[in-house]
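S.K.: First the structure, then my questions, so here it is.
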Amino acid sequence: MLPWAPEFRWDAGHIAFLGAFYAVVGVVVTTLLLAASRARRDAPRVEAIAWRGDFEELPRAARACRHQLTGEAPGRVCDNAFDCRSCAAHPSFAALRAAADGAPADSGEHSSFQWPRDRLFHRGHTYVRPEQDGTVTVGLDDIGRRWAGRPERVELPPAGARLSVNGTACRLATRGNEIRVLSPVDGHVVEAHGEGAGFTLRIRPDGVLDVRHLLSGDEVRAWTLREMERLGRVLRSDAAGVALADGGELVPDPGDVLTHAEYDAALAEVFLDA
């Protein structure tokens, strides 16, 4: 019986009951707080495990090694979940590229997509722009924005949230399709702003920013061309035809010209959502 009950009396029996009651409450509350803390701490590890599973389900064409895209390693498929930071082979390829005077040769083909040289690009179609204060700005790249169209809902992480590479950076809902956008960096969100597909996140990286897994320079062009080829194969021929304008360029909003099923399939390919 608790103190606010009319029948309560401050005698030995009731005091013993209160002691036992609040001890149980204390244990329950402590257990819940520890579980919540552990869940927050383990969330990046859980997402990393989930991403590995999703990556394995991606079709072979979607898992091409970045060095295959540039012609440095024909036929090579990534087996490291697009995380070159822990790839044993990547340093060797990077050293060979440096010895050959830098980046892969430009294909000479042109595209209407914008790839500013001050940005690095993640295979899930986000960009990373380092800022002078040590933070980075993250947003959808030109292909990602084009395919996302005009989202009805954008779920951005709050300030203080921790993001992990290939974990969830945010979620979009567009034409009844749910999109999970992958984070290109490890770090904590400083602020999130913007509307629709034009959102940006400002993130403070964990320690020194490691960008070995991100694309840069002319290899971005090679990746873009392969992405357009891959999406053309995913869509049936007539759907690909209406999604691509004359010259092989993507129409301003592919969702306007594709069926729901076609658009859903294309979004899964673009944002690596197996």
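All residue names refer to the structure tokens as shown: chains lettered A, B, ... in order, residues numbered from 1 in each chain, ligands numbered from 1 in order.
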Per residue of region 97-175 of chain A within 8 Å of region 187-211 of chain A, note the shortest atom pair and the distance in Å to one decimal, counting only C-alpha atoms, and order the rows by chain and increasing residue number, as a tab-separated table.

M.R.:
residue	atom	partner	partner_atom	distance
A:Leu120	CA	A:Val211	CA	7.9
A:Gly134	CA	A:Arg204	CA	6.9
A:Thr135	CA	A:Arg204	CA	4.5
A:Val136	CA	A:Ile203	CA	5.3
A:Thr137	CA	A:Arg202	CA	4.6
A:Val138	CA	A:Leu201	CA	5.1
A:Gly139	CA	A:Thr200	CA	4.6
A:Leu140	CA	A:Ala197	CA	6.9
A:Arg145	CA	A:Ala197	CA	5.4
A:Ala148	CA	A:Ala197	CA	6.3
A:Gly149	CA	A:Ala197	CA	6.9
A:Arg150	CA	A:Gly196	CA	6.2
A:Pro151	CA	A:Gly196	CA	5.5
A:Glu152	CA	A:Gly196	CA	7.5
A:Arg153	CA	A:Gly196	CA	7.3
A:Val154	CA	A:Gly196	CA	6.3
A:Leu156	CA	A:Ala192	CA	6.6
A:Pro157	CA	A:Ala192	CA	7.1
A:Pro158	CA	A:Val189	CA	7.0
A:Ala159	CA	A:Val189	CA	5.0
A:Gly160	CA	A:Val189	CA	5.1
A:Ala161	CA	A:Val189	CA	5.4
A:Arg162	CA	A:His188	CA	4.3
A:Leu163	CA	A:Gly187	CA	5.4
A:Ser164	CA	A:Gly187	CA	6.6

S.K.: If you keep C-alpha atoms, can you produce a file of those selected residues as an mmCIF file, in the first residue's frame?

M.R.:
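This went into again_3.cif:
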data_model
loop_
_atom_site.group_PDB
_atom_site.id
_atom_site.type_symbol
_atom_site.label_atom_id
_atom_site.label_comp_id
_atom_site.auth_asym_id
_atom_site.auth_seq_id
_atom_site.Cartn_x
_atom_site.Cartn_y
_atom_site.Cartn_z
ATOM 1 C CA LEU A 120 33.325 13.853 -53.031
ATOM 2 C CA GLY A 134 36.144 20.993 -40.016
ATOM 3 C CA THR A 135 32.532 19.972 -40.644
ATOM 4 C CA VAL A 136 31.205 18.555 -43.910
ATOM 5 C CA THR A 137 28.043 19.320 -45.832
ATOM 6 C CA VAL A 138 26.120 16.294 -47.092
ATOM 7 C CA GLY A 139 23.280 16.265 -49.599
ATOM 8 C CA LEU A 140 21.890 14.364 -52.574
ATOM 9 C CA ARG A 145 17.942 14.754 -56.600
ATOM 10 C CA ALA A 148 13.913 11.717 -55.812
ATOM 11 C CA GLY A 149 11.785 14.285 -57.638
ATOM 12 C CA ARG A 150 9.507 16.236 -55.301
ATOM 13 C CA PRO A 151 9.297 14.250 -52.041
ATOM 14 C CA GLU A 152 6.098 14.502 -50.027
ATOM 15 C CA ARG A 153 8.018 13.862 -46.805
ATOM 16 C CA VAL A 154 11.625 14.229 -45.713
ATOM 17 C CA LEU A 156 16.032 14.414 -41.407
ATOM 18 C CA PRO A 157 18.058 13.424 -38.323
ATOM 19 C CA PRO A 158 18.046 15.838 -35.368
ATOM 20 C CA ALA A 159 21.107 17.777 -34.227
ATOM 21 C CA GLY A 160 23.329 15.500 -32.166
ATOM 22 C CA ALA A 161 22.319 12.299 -33.966
ATOM 23 C CA ARG A 162 25.226 10.030 -34.863
ATOM 24 C CA LEU A 163 25.529 8.759 -38.427
ATOM 25 C CA SER A 164 27.712 5.913 -39.677
#

S.K.: Please, which residues of region 110-153 of chain A, numbered as in this document, come out helix (DSSP H, G or I) from DSSP, as JSON, numbers by chain?

M.R.: {"A": [142, 143, 144, 145, 146, 147, 148]}

S.K.: Could you save those same residues with C-alpha atoms as a PDB file, in the first residue's frame?

M.R.:
ATOM      1  CA  ASP A 142      22.508  15.578 -59.048  1.00  0.00           C
ATOM      2  CA  ILE A 143      21.350  12.076 -60.007  1.00  0.00           C
ATOM      3  CA  GLY A 144      19.888  11.486 -56.536  1.00  0.00           C
ATOM      4  CA  ARG A 145      17.942  14.754 -56.600  1.00  0.00           C
ATOM      5  CA  ARG A 146      16.638  14.050 -60.098  1.00  0.00           C
ATOM      6  CA  TRP A 147      15.344  10.592 -59.162  1.00  0.00           C
ATOM      7  CA  ALA A 148      13.913  11.717 -55.812  1.00  0.00           C
TER       8      ALA A 148
END

S.K.: Env of region 223-232 of chain A: 7 Å cut, atoms = only C-alpha atoms, seq-sep filter 4 positions within chain, self excluded. Answer as number ranges by chain.

M.R.: A: 61, 69, 219, 240, 266

S.K.: How many Å separate CA of Pro252 (chain A) from CA of Phe55 (chain A)?

M.R.: 28.5 Å

S.K.: Looking at A:Glu131, A:Asp141, A:Asp83, A:Glu72, which one is nearest to Ala95 (chain A), with distances taken over only C-alpha atoms?

M.R.: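 Counting only C-alpha atoms, the residue closest to Ala95 (chain A) is A:Glu72.
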
S.K.: Any chance you could list, as a PyMOL selection string, the residues in region 95-271 of chain A that come up strand (DSSP E or B) when DSSP is run on the backbone?

M.R.: chain A and resi 120-121+126-130+136-140+153-155+162-163+168-174+177-182+187-193+200-205+215+244+250

S.K.: Hey, which of A:Gln68, A:Thr259, A:Thr126, A:Ser216 ends up closest to Arg180 (chain A)? Count only C-alpha atoms.

M.R.: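 Closest residue, counting only C-alpha atoms: A:Thr126.
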
S.K.: Using only C-alpha atoms, which residue out of A:Arg171, A:His122, A:Arg117, A:Arg63 lies closest to Asp218 (chain A)?

M.R.: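 Under the stated criterion, the closest residue is A:Arg117.
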